[in-house]
>>> print(open('upload_26.txt').read())   # compact mmCIF, C-alpha atoms
# COMPACT_ATOMS: atom_id res chain seq x y z
CA MET H 1 -35.56 40.56 5.58
CA GLY H 2 -32.34 42.52 6.09
CA SER H 3 -30.75 45.01 3.72
CA ILE H 4 -28.41 42.39 2.24
CA ASP H 5 -31.31 40.02 1.69
CA ARG H 6 -33.34 42.75 0.03
CA TYR H 7 -30.41 43.68 -2.20
CA ILE H 8 -29.90 40.09 -3.38
CA PHE H 9 -33.66 39.51 -3.65
CA ARG H 10 -34.18 42.59 -5.85
CA THR H 11 -31.14 41.85 -8.01
CA THR H 12 -32.24 38.26 -8.60
CA LEU H 13 -35.84 39.12 -9.46
CA ALA H 14 -34.77 42.00 -11.73
CA SER H 15 -32.42 39.69 -13.61
CA PHE H 16 -35.12 37.04 -13.75
CA ALA H 17 -37.64 39.47 -15.25
CA LEU H 18 -35.14 40.69 -17.84
CA VAL H 19 -34.15 37.17 -18.92
CA LEU H 20 -37.75 35.96 -18.91
CA ILE H 21 -38.99 38.83 -21.08
CA SER H 22 -36.06 38.49 -23.48
CA LEU H 23 -36.33 34.71 -23.96
CA THR H 24 -40.12 34.76 -24.13
CA GLY H 25 -40.06 37.59 -26.65
CA VAL H 26 -37.61 35.81 -28.94
CA ILE H 27 -39.51 32.52 -28.85
CA TRP H 28 -42.87 34.28 -29.21
CA ILE H 29 -41.68 36.07 -32.36
CA THR H 30 -40.62 32.77 -33.94
CA GLN H 31 -44.03 31.30 -33.09
CA ALA H 32 -45.93 34.39 -34.25
CA LEU H 33 -44.25 34.40 -37.65
CA ARG H 34 -45.90 31.05 -38.38
CA GLY H 35 -49.31 32.68 -38.14
CA ILE H 36 -48.52 35.71 -40.28
CA ASP H 37 -50.89 34.34 -42.93
CA LEU H 38 -53.71 35.14 -40.50
CA MET H 39 -53.37 38.76 -41.61
CA THR H 40 -52.28 38.32 -45.21
CA SER H 41 -54.45 35.53 -46.57
CA GLN H 42 -57.44 35.73 -44.24
CA GLY H 43 -57.74 39.50 -43.97
CA GLN H 44 -57.49 39.78 -40.19
CA THR H 45 -56.35 42.96 -38.49
CA ILE H 46 -53.03 43.44 -36.71
CA LEU H 47 -54.89 43.54 -33.38
CA THR H 48 -56.45 40.16 -34.11
CA PHE H 49 -53.06 38.78 -35.08
CA LEU H 50 -51.38 40.07 -31.91
CA GLY H 51 -54.29 38.93 -29.75
CA VAL H 52 -54.29 35.40 -31.13
CA THR H 53 -50.53 34.90 -31.00
CA SER H 54 -50.14 36.46 -27.53
CA LEU H 55 -52.41 33.82 -25.99
CA VAL H 56 -49.55 31.32 -26.20
CA ILE H 57 -47.25 33.49 -24.06
CA PRO H 58 -48.33 31.98 -20.67
CA ALA H 59 -47.46 28.50 -21.96
CA LEU H 60 -44.03 29.78 -23.01
CA VAL H 61 -43.48 31.47 -19.63
CA LEU H 62 -44.35 28.22 -17.89
CA VAL H 63 -41.46 26.43 -19.60
CA ILE H 64 -38.97 29.31 -19.61
CA SER H 65 -39.38 30.52 -16.00
CA PRO H 66 -37.20 27.84 -14.29
CA ILE H 67 -34.45 28.37 -16.89
CA ALA H 68 -34.68 32.15 -16.49
CA LEU H 69 -34.41 31.75 -12.70
CA MET H 70 -31.27 29.63 -13.08
CA ILE H 71 -29.69 32.27 -15.32
CA ALA H 72 -30.70 35.05 -12.90
CA ILE H 73 -29.19 33.25 -9.89
CA SER H 74 -26.01 32.51 -11.86
CA HIS H 75 -25.73 36.17 -12.85
CA THR H 76 -26.31 37.41 -9.29
CA LEU H 77 -23.80 34.99 -7.76
CA ASN H 78 -21.22 35.81 -10.43
CA LYS H 79 -21.73 39.52 -9.75
CA LEU H 80 -21.31 39.01 -6.01
CA ALA H 81 -18.19 36.92 -6.58
CA THR H 82 -16.64 39.37 -9.06
CA ASP H 83 -17.08 42.23 -6.58
CA SER H 84 -15.73 39.98 -3.76
CA GLU H 85 -18.99 40.47 -1.88
CA ILE H 86 -19.39 36.76 -1.18
CA ILE H 87 -15.94 36.72 0.45
CA VAL H 88 -16.87 39.70 2.62
CA MET H 89 -20.20 38.14 3.63
CA ASN H 90 -18.46 34.89 4.51
CA ALA H 91 -15.90 36.76 6.61
CA ALA H 92 -18.75 38.60 8.37
CA GLY H 93 -20.27 35.28 9.44
CA PHE H 94 -22.62 34.52 6.53
CA SER H 95 -22.66 30.80 5.91
CA PRO H 96 -23.50 29.56 2.38
CA PHE H 97 -26.87 28.33 3.66
CA ARG H 98 -27.59 31.78 5.17
CA LEU H 99 -26.63 33.38 1.85
CA PHE H 100 -29.07 31.08 0.08
CA ARG H 101 -32.04 32.55 1.98
CA PRO H 102 -32.75 35.59 -0.31
CA PHE H 103 -32.44 33.32 -3.34
CA PHE H 104 -34.98 31.02 -1.70
CA TYR H 105 -37.38 33.95 -1.28
CA ALA H 106 -36.98 34.85 -4.96
CA THR H 107 -37.58 31.21 -5.89
CA CYS H 108 -40.82 31.20 -3.90
CA VAL H 109 -42.06 34.17 -5.95
CA VAL H 110 -41.19 32.38 -9.20
CA ALA H 111 -42.77 29.13 -7.97
CA LEU H 112 -46.03 30.94 -7.13
CA LEU H 113 -46.02 32.52 -10.58
CA VAL H 114 -45.43 29.13 -12.23
CA ALA H 115 -48.16 27.48 -10.11
CA PHE H 116 -50.72 30.11 -11.12
CA ILE H 117 -49.79 29.83 -14.79
CA ALA H 118 -49.83 26.01 -14.74
CA SER H 119 -53.18 25.72 -12.98
CA TYR H 120 -55.15 28.49 -14.68
CA LEU H 121 -53.46 31.06 -16.93
CA SER H 122 -51.77 28.74 -19.44
CA PRO H 123 -54.80 26.46 -20.05
CA ASP H 124 -57.05 29.51 -20.18
CA GLY H 125 -54.86 31.12 -22.86
CA LEU H 126 -54.68 27.92 -24.90
CA ARG H 127 -58.44 27.49 -24.53
CA ARG H 128 -59.11 30.99 -25.82
CA LEU H 129 -56.61 30.44 -28.63
CA LYS H 130 -58.39 27.28 -29.74
CA GLN H 131 -61.81 28.91 -29.60
CA TRP H 132 -60.59 31.98 -31.48
CA ASP H 133 -58.93 29.80 -34.10
CA ALA H 134 -62.13 27.79 -34.48
CA GLU H 135 -64.15 30.98 -35.03
CA ILE H 136 -61.75 32.20 -37.68
CA THR H 137 -61.68 28.78 -39.34
CA ALA H 138 -65.46 28.51 -39.26
CA ASP H 139 -65.93 31.89 -40.91
CA VAL H 140 -66.98 31.12 -44.47
CA LEU H 141 -65.87 34.51 -45.73
CA THR H 142 -62.25 33.91 -44.66
CA ASN H 143 -61.93 30.35 -45.89
CA ILE H 144 -64.18 29.91 -48.93
CA LEU H 145 -64.19 33.37 -50.46
CA GLN H 146 -60.84 33.88 -52.15
CA PRO H 147 -60.09 37.00 -54.23
CA GLY H 148 -60.66 36.52 -57.94
CA ARG H 149 -62.54 33.21 -57.62
CA PHE H 150 -66.22 32.33 -57.92
CA ALA H 151 -67.35 30.50 -54.78
CA GLN H 152 -70.58 28.47 -54.90
CA LEU H 153 -71.91 28.53 -51.34
CA ASP H 154 -75.17 26.83 -52.23
CA GLN H 155 -76.60 25.08 -55.24
CA ASN H 156 -77.89 28.36 -56.64
CA LEU H 157 -75.78 30.96 -54.85
CA THR H 158 -72.45 32.22 -56.23
CA ILE H 159 -70.26 34.95 -54.71
CA ARG H 160 -67.05 36.56 -55.96
CA ILE H 161 -64.81 39.22 -54.46
CA ARG H 162 -62.09 41.16 -56.26
CA GLU H 163 -59.75 41.69 -53.33
CA ARG H 164 -59.50 41.55 -49.56
CA GLN H 165 -58.06 44.54 -47.71
CA PRO H 166 -56.75 44.92 -44.15
CA GLY H 167 -59.44 45.31 -41.52
CA GLY H 168 -61.77 42.79 -43.19
CA MET H 169 -62.79 45.09 -46.05
CA LEU H 170 -63.98 43.23 -49.18
CA LYS H 171 -63.73 45.07 -52.52
CA GLY H 172 -65.57 44.39 -55.76
CA ILE H 173 -68.37 42.08 -54.56
CA PHE H 174 -70.58 40.14 -56.97
CA ILE H 175 -73.50 37.95 -55.82
CA ASP H 176 -75.73 35.81 -58.05
CA ASP H 177 -78.68 34.44 -56.05
CA ARG H 178 -81.05 31.94 -57.74
CA ARG H 179 -82.31 30.14 -54.65
CA ASP H 180 -85.83 31.48 -55.06
CA PRO H 181 -87.39 29.79 -58.14
CA LYS H 182 -89.68 32.78 -58.64
CA GLU H 183 -86.90 35.33 -59.02
CA ARG H 184 -83.18 35.80 -59.64
CA ALA H 185 -81.17 38.50 -57.89
CA THR H 186 -77.83 39.85 -58.99
CA ILE H 187 -75.98 42.17 -56.63
CA ILE H 188 -72.87 44.22 -57.41
CA ALA H 189 -71.28 46.35 -54.67
CA ASP H 190 -68.15 48.45 -54.48
CA HIS H 191 -67.18 47.17 -51.05
CA GLY H 192 -68.54 45.46 -47.97
CA THR H 193 -67.74 44.12 -44.52
CA VAL H 194 -68.86 41.24 -42.34
CA VAL H 195 -70.99 42.12 -39.32
CA LYS H 196 -71.76 39.50 -36.67
CA SER H 197 -74.49 39.94 -34.09
CA GLY H 198 -76.79 37.86 -31.97
CA ASP H 199 -79.16 37.52 -34.94
CA GLY H 200 -76.50 35.96 -37.17
CA SER H 201 -73.79 36.88 -39.66
CA PHE H 202 -74.40 39.49 -42.37
CA LEU H 203 -72.42 40.74 -45.36
CA VAL H 204 -73.08 44.49 -45.32
CA LEU H 205 -72.73 45.82 -48.88
CA GLU H 206 -72.20 49.49 -49.69
CA ASP H 207 -72.46 51.61 -52.86
CA GLY H 208 -73.97 49.10 -55.27
CA ASN H 209 -77.03 48.02 -57.16
CA LEU H 210 -79.43 45.09 -57.08
CA GLN H 211 -80.97 43.68 -60.25
CA ARG H 212 -84.02 41.44 -59.72
CA PHE H 213 -85.59 39.27 -62.45
CA GLU H 214 -89.05 38.12 -61.43
CA ALA H 215 -90.78 35.19 -63.12
CA GLY H 216 -93.43 36.27 -65.66
CA LYS H 217 -92.02 39.76 -66.07
CA ARG H 218 -90.07 40.92 -69.07
CA ASP H 219 -88.04 43.77 -67.61
CA PRO H 220 -85.83 43.47 -64.51
CA ALA H 221 -86.12 45.73 -61.50
CA LEU H 222 -82.96 47.71 -60.81
CA VAL H 223 -82.38 49.23 -57.39
CA ALA H 224 -79.36 51.32 -56.40
CA PHE H 225 -78.49 51.23 -52.72
CA GLY H 226 -76.04 52.89 -50.38
CA ARG H 227 -76.16 50.10 -47.83
CA TYR H 228 -77.62 46.60 -48.02
CA ALA H 229 -77.35 43.63 -45.62
CA PHE H 230 -77.06 40.16 -47.13
CA ASP H 231 -77.80 37.33 -44.68
CA MET H 232 -74.93 34.78 -44.39
CA SER H 233 -76.02 33.07 -41.18
CA LYS H 234 -77.01 29.89 -43.00
CA PHE H 235 -73.44 29.32 -44.14
CA SER H 236 -71.71 29.88 -40.80
CA LYS H 237 -70.41 26.70 -39.20
CA GLY H 238 -70.82 25.92 -35.54
CA HIS H 239 -68.11 26.98 -33.11
CA ASP H 240 -68.16 23.90 -30.88
CA VAL H 241 -64.62 23.26 -29.71
CA ALA H 242 -63.38 19.98 -28.28
CA LEU H 243 -60.89 20.95 -25.60
CA GLY H 244 -57.65 19.00 -25.49
CA ILE H 245 -55.71 18.05 -22.40
CA ARG H 246 -53.51 21.14 -22.31
CA GLU H 247 -56.61 23.36 -22.45
CA ARG H 248 -58.02 21.86 -19.24
CA TYR H 249 -57.75 23.67 -15.91
CA LEU H 250 -56.02 21.91 -13.03
CA TRP H 251 -59.30 21.05 -11.27
CA GLU H 252 -60.65 19.55 -14.51
CA LEU H 253 -57.65 17.25 -14.66
CA LEU H 254 -58.08 16.29 -11.01
CA ASP H 255 -61.69 15.26 -11.45
CA PRO H 256 -62.50 14.56 -15.13
CA ALA H 257 -66.02 13.56 -16.06
CA GLU H 258 -66.48 9.82 -16.34
CA ASP H 259 -68.28 10.20 -19.67
CA ASP H 260 -65.57 12.46 -21.13
CA PRO H 261 -64.71 10.85 -24.49
CA ILE H 262 -61.12 12.14 -24.46
CA TYR H 263 -60.54 10.83 -20.94
CA LYS H 264 -61.92 7.43 -21.94
CA GLN H 265 -59.66 7.35 -24.97
CA ILE H 266 -56.35 8.54 -23.44
CA PRO H 267 -56.46 8.42 -19.61
CA GLY H 268 -52.67 8.10 -19.48
CA GLN H 269 -52.18 11.55 -20.99
CA PHE H 270 -54.49 13.02 -18.35
CA ARG H 271 -52.26 11.45 -15.68
CA ALA H 272 -49.07 12.73 -17.30
CA GLU H 273 -50.44 16.27 -17.71
CA LEU H 274 -51.73 16.36 -14.13
CA HIS H 275 -48.34 15.42 -12.68
CA ASP H 276 -46.60 17.91 -14.97
CA ARG H 277 -48.82 20.64 -13.52
CA PHE H 278 -48.00 19.52 -9.97
CA MET H 279 -44.26 19.39 -10.63
CA ALA H 280 -44.04 22.70 -12.50
CA PRO H 281 -43.61 24.78 -9.27
CA ILE H 282 -41.02 22.28 -7.93
CA TYR H 283 -38.59 22.76 -10.81
CA PRO H 284 -37.67 26.36 -9.79
CA PHE H 285 -36.61 25.10 -6.34
CA ALA H 286 -34.58 22.27 -7.88
CA PHE H 287 -32.85 24.57 -10.37
CA ALA H 288 -32.19 27.27 -7.75
CA ALA H 289 -30.69 24.84 -5.23
CA LEU H 290 -28.63 23.11 -7.91
CA THR H 291 -27.27 26.38 -9.29
CA PHE H 292 -26.38 27.69 -5.84
CA ALA H 293 -24.69 24.40 -4.94
CA PHE H 294 -22.28 24.92 -7.84
CA LEU H 295 -21.76 28.68 -7.59
CA GLY H 296 -22.64 29.74 -4.03
CA ALA H 297 -19.47 28.67 -2.21
CA PRO H 298 -17.01 31.52 -1.46
CA ARG H 299 -13.97 31.62 -3.75
CA THR H 300 -11.16 34.03 -4.28
CA THR H 301 -11.03 36.05 -7.48
CA ARG H 302 -8.06 33.92 -8.63
CA GLN H 303 -10.14 30.74 -8.60
CA SER H 304 -11.86 29.99 -11.89
CA ARG H 305 -15.65 29.66 -11.87
CA ASN H 306 -15.90 28.33 -15.43
CA PHE H 307 -16.19 24.71 -14.30
CA SER H 308 -18.91 25.57 -11.79
CA ILE H 309 -20.91 27.52 -14.39
CA GLY H 310 -20.57 24.73 -16.94
CA GLY H 311 -21.36 22.09 -14.32
CA SER H 312 -24.54 23.87 -13.21
CA ILE H 313 -25.74 24.18 -16.81
CA LEU H 314 -25.12 20.49 -17.49
CA ALA H 315 -26.77 19.46 -14.22
CA VAL H 316 -29.88 21.55 -14.86
CA PHE H 317 -30.05 20.30 -18.43
CA GLY H 318 -29.81 16.70 -17.22
CA VAL H 319 -32.55 17.16 -14.64
CA ARG H 320 -34.84 18.77 -17.20
CA MET H 321 -34.21 16.04 -19.80
CA ILE H 322 -34.94 13.31 -17.24
CA GLY H 323 -38.14 15.16 -16.38
CA PHE H 324 -39.21 15.26 -20.03
CA ALA H 325 -38.46 11.55 -20.40
CA CYS H 326 -40.52 10.72 -17.30
CA SER H 327 -43.40 12.85 -18.59
CA VAL H 328 -43.43 10.89 -21.84
CA MET H 329 -43.28 7.55 -20.04
CA ALA H 330 -46.02 8.62 -17.60
CA VAL H 331 -48.56 8.21 -20.40
CA LYS H 332 -48.13 4.44 -20.20
CA SER H 333 -46.56 3.89 -16.80
CA PRO H 334 -48.01 5.18 -13.49
CA PHE H 335 -44.57 4.73 -11.86
CA ALA H 336 -42.83 7.30 -14.10
CA PRO H 337 -44.21 10.31 -12.14
CA VAL H 338 -42.95 8.69 -8.92
CA VAL H 339 -39.47 8.50 -10.42
CA GLN H 340 -39.72 12.16 -11.41
CA TYR H 341 -40.80 13.25 -7.93
CA LEU H 342 -37.95 11.25 -6.36
CA MET H 343 -35.48 12.73 -8.84
CA LEU H 344 -36.53 16.30 -7.96
CA LEU H 345 -36.49 15.64 -4.21
CA LEU H 346 -33.08 13.97 -4.47
CA THR H 347 -31.74 16.93 -6.47
CA ILE H 348 -33.01 19.42 -3.90
CA GLY H 349 -31.82 17.34 -0.93
CA LEU H 350 -28.36 16.75 -2.37
CA SER H 351 -27.99 20.43 -3.27
CA ILE H 352 -29.03 21.55 0.24
CA TRP H 353 -26.52 19.08 1.73
CA ILE H 354 -23.76 20.59 -0.44
CA ILE H 355 -24.80 24.12 0.54
CA ILE H 356 -24.95 23.40 4.27
CA GLY H 357 -21.61 21.58 4.16
CA GLY H 358 -19.96 24.45 2.31
CA ILE H 359 -18.59 22.01 -0.27
CA VAL H 360 -16.87 23.61 -3.24
CA LEU H 361 -17.57 21.69 -6.42
CA GLU H 362 -14.36 21.78 -8.42
CA PRO H 363 -12.78 19.37 -10.89
CA PRO H 364 -10.10 16.99 -9.62
CA PRO H 365 -6.57 18.46 -9.51
CA ALA H 366 -5.40 15.90 -12.07
CA LEU H 367 -8.06 17.06 -14.50
CA LEU H 368 -7.15 20.70 -13.97
CA GLU H 369 -3.48 19.91 -14.53
CA ALA H 370 -4.31 18.04 -17.74
CA ILE H 371 -6.42 20.95 -18.99
CA ASN H 372 -3.66 23.45 -18.20
CA LYS H 373 -1.06 21.32 -19.99
CA SER H 374 -3.35 21.01 -22.99
CA ASN H 375 -3.85 24.77 -23.10
CA ALA H 376 -0.11 25.38 -22.83
CA ARG H 377 0.54 22.91 -25.66
CA LEU H 378 -2.02 24.65 -27.87
CA LEU H 379 -0.42 28.00 -27.14
CA ARG H 380 2.97 26.69 -28.17
CA LEU H 381 1.57 25.25 -31.39
CA PHE H 382 -0.67 28.12 -32.48
CA GLY H 383 0.29 31.03 -30.29
CA ARG H 384 2.64 33.84 -31.26
CA PRO H 385 5.11 35.51 -28.92
CA ALA H 386 4.09 38.96 -27.85
CA THR H 387 6.09 41.85 -29.39
CA ALA H 388 6.99 45.03 -27.62
>>> encode(input="upload_26.txt", output="structure tokens")
Amino acid sequence: MGSIDRYIFRTTLASFALVLISLTGVIWITQALRGIDLMTSQGQTILTFLGVTSLVIPALVLVISPIALMIAISHTLNKLATDSEIIVMNAAGFSPFRLFRPFFYATCVVALLVAFIASYLSPDGLRRLKQWDAEITADVLTNILQPGRFAQLDQNLTIRIRERQPGGMLKGIFIDDRRDPKERATIIADHGTVVKSGDGSFLVLEDGNLQRFEAGKRDPALVAFGRYAFDMSKFSKGHDVALGIRERYLWELLDPAEDDPIYKQIPGQFRAELHDRFMAPIYPFAFAALTFAFLGAPRTTRQSRNFSIGGSILAVFGVRMIGFACSVMAVKSPFAPVVQYLMLLLTIGLSIWIIIGGIVLEPPPALLEAINKSNARLLRLFGRPATA
């Protein structure tokens, strides 16, 4: 790789990283705000909140990466054209296809990233997210115990908490336990926390007292304690999670178990998801070739590039929308993925043909003339003459 190739390669990947981080960050914030009640209403810590919401980032990167690559290539080509570097390279013997080589290298890096995310990282993140969400949902202390309310966990067991503080701290705990017919226990504690271990789930109470009324005795027994563990394992739900299609790894989609109930119920969605994973690394090549076909031809600084930029955006948008439509139809039709593969191959082949031929994609002269006349007419109607 020569110095020019390295320069274009670094510029493209740097722009790609900047765009990818920016777009992913904005979309992640909008998604994370939906789960803000994880901290407020369920008493989870900020680290739990960030950990849960960040697991969706690989899935966002998978969708955003081809778009970010298109923007990065557009920015790099526009920079080269503004500085007249494309003209100089063309005069030095660089053909458009030769200029496309460093962009192809950058696209290979992005395609490898997308392939890894599609096959492993994205389903792994979604799988962890679902399991983590199931654990939080199954926790009786975060779903049944609400501040200021008496919660009857069993026929003869009632618990109330005054408030829930950040970090999982429970304040003002009251427990009335009548499950043993021979005695009744009433526990009042200043605060407590939930501790989970291999032996089960425990509500560890601190700074309180336990009042026990035993059958046949007149006076209760009162015990003050600094720390007391109340067993809550009986009321913890199981954490069995049924994995959906998006939570499956690529090899699980390739060879699903014959007795898989989800596969028996919706085999078409397995097919659609599998082909989406296969085509995910192809989209960067299609978008890169399409963008370069519109913007890679050498032009003088007096030639407008607005049409080429707008044309590349519309073309990429059209290809992506057709891909989404084929993915939806693939659930019911096995021929829809074939159409999508042909569409991507045709897009890449046509773009390479335009690049090799050095074809400049510009609007017809009649259209340009009509646009210029329309602009001049608008200036006469709404414009004001310049004053010295």
>>> closest_residue(input="upload_26.txt", among="H:Phe202, H:Phe335, H:Phe317, H:Phe324", to="Tyr228 of chain H", atoms="all atoms listed in the file")
H:Phe202
>>> residues_around(input="upload_26.txt", residues="Tyr283 of chain H", least_positions_apart="2", cutoff="9 Å", atoms="only C-alpha atoms", output="list in words")
Pro66, Ala111, Met279, Ala280, Pro281, Phe285, Ala286, Phe287, Ala288, Arg320 and Leu344 of chain H
>>> residues_around(input="upload_26.txt", residues="Gly357 of chain H", least_positions_apart="4", cutoff="12 Å", atoms="all atoms listed in the file", output="list in words")
Ser95, Pro96, Phe97, Arg98, Ala293, Gly296, Ala297, Leu350, Ser351, Ile352, Trp353 and Leu361 of chain H
>>> axis_aligned_box(input="upload_26.txt", around="segment 112-129 of chain H", padding_each_side="3 Å", output="AutoDock Vina command-line options")
--center_x -52.3 --center_y 29.1 --center_z -17.9 --size_x 19.7 --size_y 12.8 --size_z 27.5
>>> residues_around(input="upload_26.txt", residues="Cys326 of chain H", least_positions_apart="2", cutoff="12 Å", atoms="all atoms listed in the file", output="list in words")
Arg271, Ala272, Glu273, His275, Asp276, Met279, Val319, Arg320, Met321, Ile322, Gly323, Phe324, Val328, Met329, Ala330, Val331, Lys332, Ser333, Pro334, Phe335, Ala336, Pro337, Val338, Val339, Gln340, Tyr341, Leu342, Met343 and Leu344 of chain H
>>> residues_around(input="upload_26.txt", residues="Ser122 of chain H", least_positions_apart="5", cutoff="6 Å", atoms="only C-alpha atoms", output="PyMOL selection string")
chain H and resi 58-59+117
>>> write_last_selection(input="upload_26.txt", atoms="C-alpha atoms", output="mmCIF file, in the frame of the given file")
data_model
loop_
_atom_site.group_PDB
_atom_site.id
_atom_site.type_symbol
_atom_site.label_atom_id
_atom_site.label_comp_id
_atom_site.auth_asym_id
_atom_site.auth_seq_id
_atom_site.Cartn_x
_atom_site.Cartn_y
_atom_site.Cartn_z
ATOM 1 C CA PRO H 58 -48.330 31.980 -20.670
ATOM 2 C CA ALA H 59 -47.460 28.500 -21.960
ATOM 3 C CA ILE H 117 -49.790 29.830 -14.790
#
>>> residues_around(input="upload_26.txt", residues="Ala185 of chain H", least_positions_apart="6", cutoff="8 Å", atoms="all atoms listed in the file", output="list in words")
Ile175, Asp176, Asp177, Arg178, Leu210, Gln211, Arg212 and Phe213 of chain H
>>> residues_near_point(input="upload_26.txt", point="(-52.3, 13.7, -23.3)", cutoff="6 Å", atoms="all atoms listed in the file", output="list in words")
Ile245, Gln269 and Phe270 of chain H
>>> atom_distance(input="upload_26.txt", atom1="atom CA of Asp5 of chain H", atom2="atom CA of Val63 of chain H")
27.2 Å
>>> closest_residue(input="upload_26.txt", among="H:Leu126, H:Leu243, H:Leu274, H:Leu113", to="Ala17 of chain H", atoms="only C-alpha atoms")
H:Leu113
>>> closest_residue(input="upload_26.txt", among="H:Ser201, H:Asn78, H:Thr291, H:Thr186", to="Val223 of chain H", atoms="all atoms listed in the file")
H:Thr186
>>> decode(input="upload_26.txt", residues="segment 51-71 of chain H", atoms="N, CA and C atoms", output="short mmCIF file (atom, residue, chain, number, x, y, z; two decimals), in the first residue's frame")
data_model
loop_
_atom_site.label_atom_id
_atom_site.label_comp_id
_atom_site.auth_asym_id
_atom_site.auth_seq_id
_atom_site.Cartn_x
_atom_site.Cartn_y
_atom_site.Cartn_z
N GLY H 51 -24.87 -0.88 32.04
CA GLY H 51 -24.53 -2.22 31.55
C GLY H 51 -25.65 -2.83 30.73
N VAL H 52 -26.89 -2.69 31.20
CA VAL H 52 -28.02 -3.27 30.49
C VAL H 52 -28.23 -2.57 29.15
N THR H 53 -28.23 -1.24 29.17
CA THR H 53 -28.53 -0.51 27.93
C THR H 53 -27.39 -0.59 26.92
N SER H 54 -26.14 -0.77 27.37
CA SER H 54 -25.02 -0.83 26.43
C SER H 54 -24.98 -2.15 25.66
N LEU H 55 -25.71 -3.16 26.12
CA LEU H 55 -25.69 -4.44 25.42
C LEU H 55 -26.37 -4.36 24.06
N VAL H 56 -27.14 -3.30 23.82
CA VAL H 56 -27.81 -3.17 22.53
C VAL H 56 -26.93 -2.45 21.51
N ILE H 57 -25.79 -1.94 21.94
CA ILE H 57 -24.92 -1.17 21.04
C ILE H 57 -24.44 -2.00 19.85
N PRO H 58 -23.99 -3.26 20.01
CA PRO H 58 -23.58 -4.02 18.81
C PRO H 58 -24.67 -4.14 17.76
N ALA H 59 -25.92 -4.30 18.19
CA ALA H 59 -27.02 -4.38 17.22
C ALA H 59 -27.19 -3.06 16.49
N LEU H 60 -26.97 -1.94 17.18
CA LEU H 60 -27.05 -0.63 16.52
C LEU H 60 -25.90 -0.45 15.54
N VAL H 61 -24.70 -0.86 15.95
CA VAL H 61 -23.53 -0.73 15.06
C VAL H 61 -23.72 -1.55 13.80
N LEU H 62 -24.36 -2.70 13.92
CA LEU H 62 -24.59 -3.57 12.77
C LEU H 62 -25.41 -2.86 11.70
N VAL H 63 -26.39 -2.08 12.11
CA VAL H 63 -27.25 -1.37 11.15
C VAL H 63 -26.60 -0.08 10.66
N ILE H 64 -25.88 0.60 11.56
CA ILE H 64 -25.35 1.93 11.25
C ILE H 64 -24.07 1.87 10.43
N SER H 65 -23.28 0.80 10.57
CA SER H 65 -21.95 0.75 9.94
C SER H 65 -21.96 1.01 8.44
N PRO H 66 -22.83 0.35 7.63
CA PRO H 66 -22.81 0.66 6.19
C PRO H 66 -23.14 2.12 5.88
N ILE H 67 -24.08 2.70 6.64
CA ILE H 67 -24.42 4.11 6.44
C ILE H 67 -23.24 5.00 6.81
N ALA H 68 -22.59 4.68 7.94
CA ALA H 68 -21.42 5.46 8.36
C ALA H 68 -20.30 5.36 7.33
N LEU H 69 -20.12 4.19 6.73
CA LEU H 69 -19.09 4.04 5.69
C LEU H 69 -19.43 4.90 4.47
N MET H 70 -20.68 4.93 4.06
CA MET H 70 -21.08 5.77 2.94
C MET H 70 -20.78 7.23 3.22
N ILE H 71 -21.11 7.70 4.43
CA ILE H 71 -20.84 9.09 4.79
C ILE H 71 -19.35 9.36 4.81
#
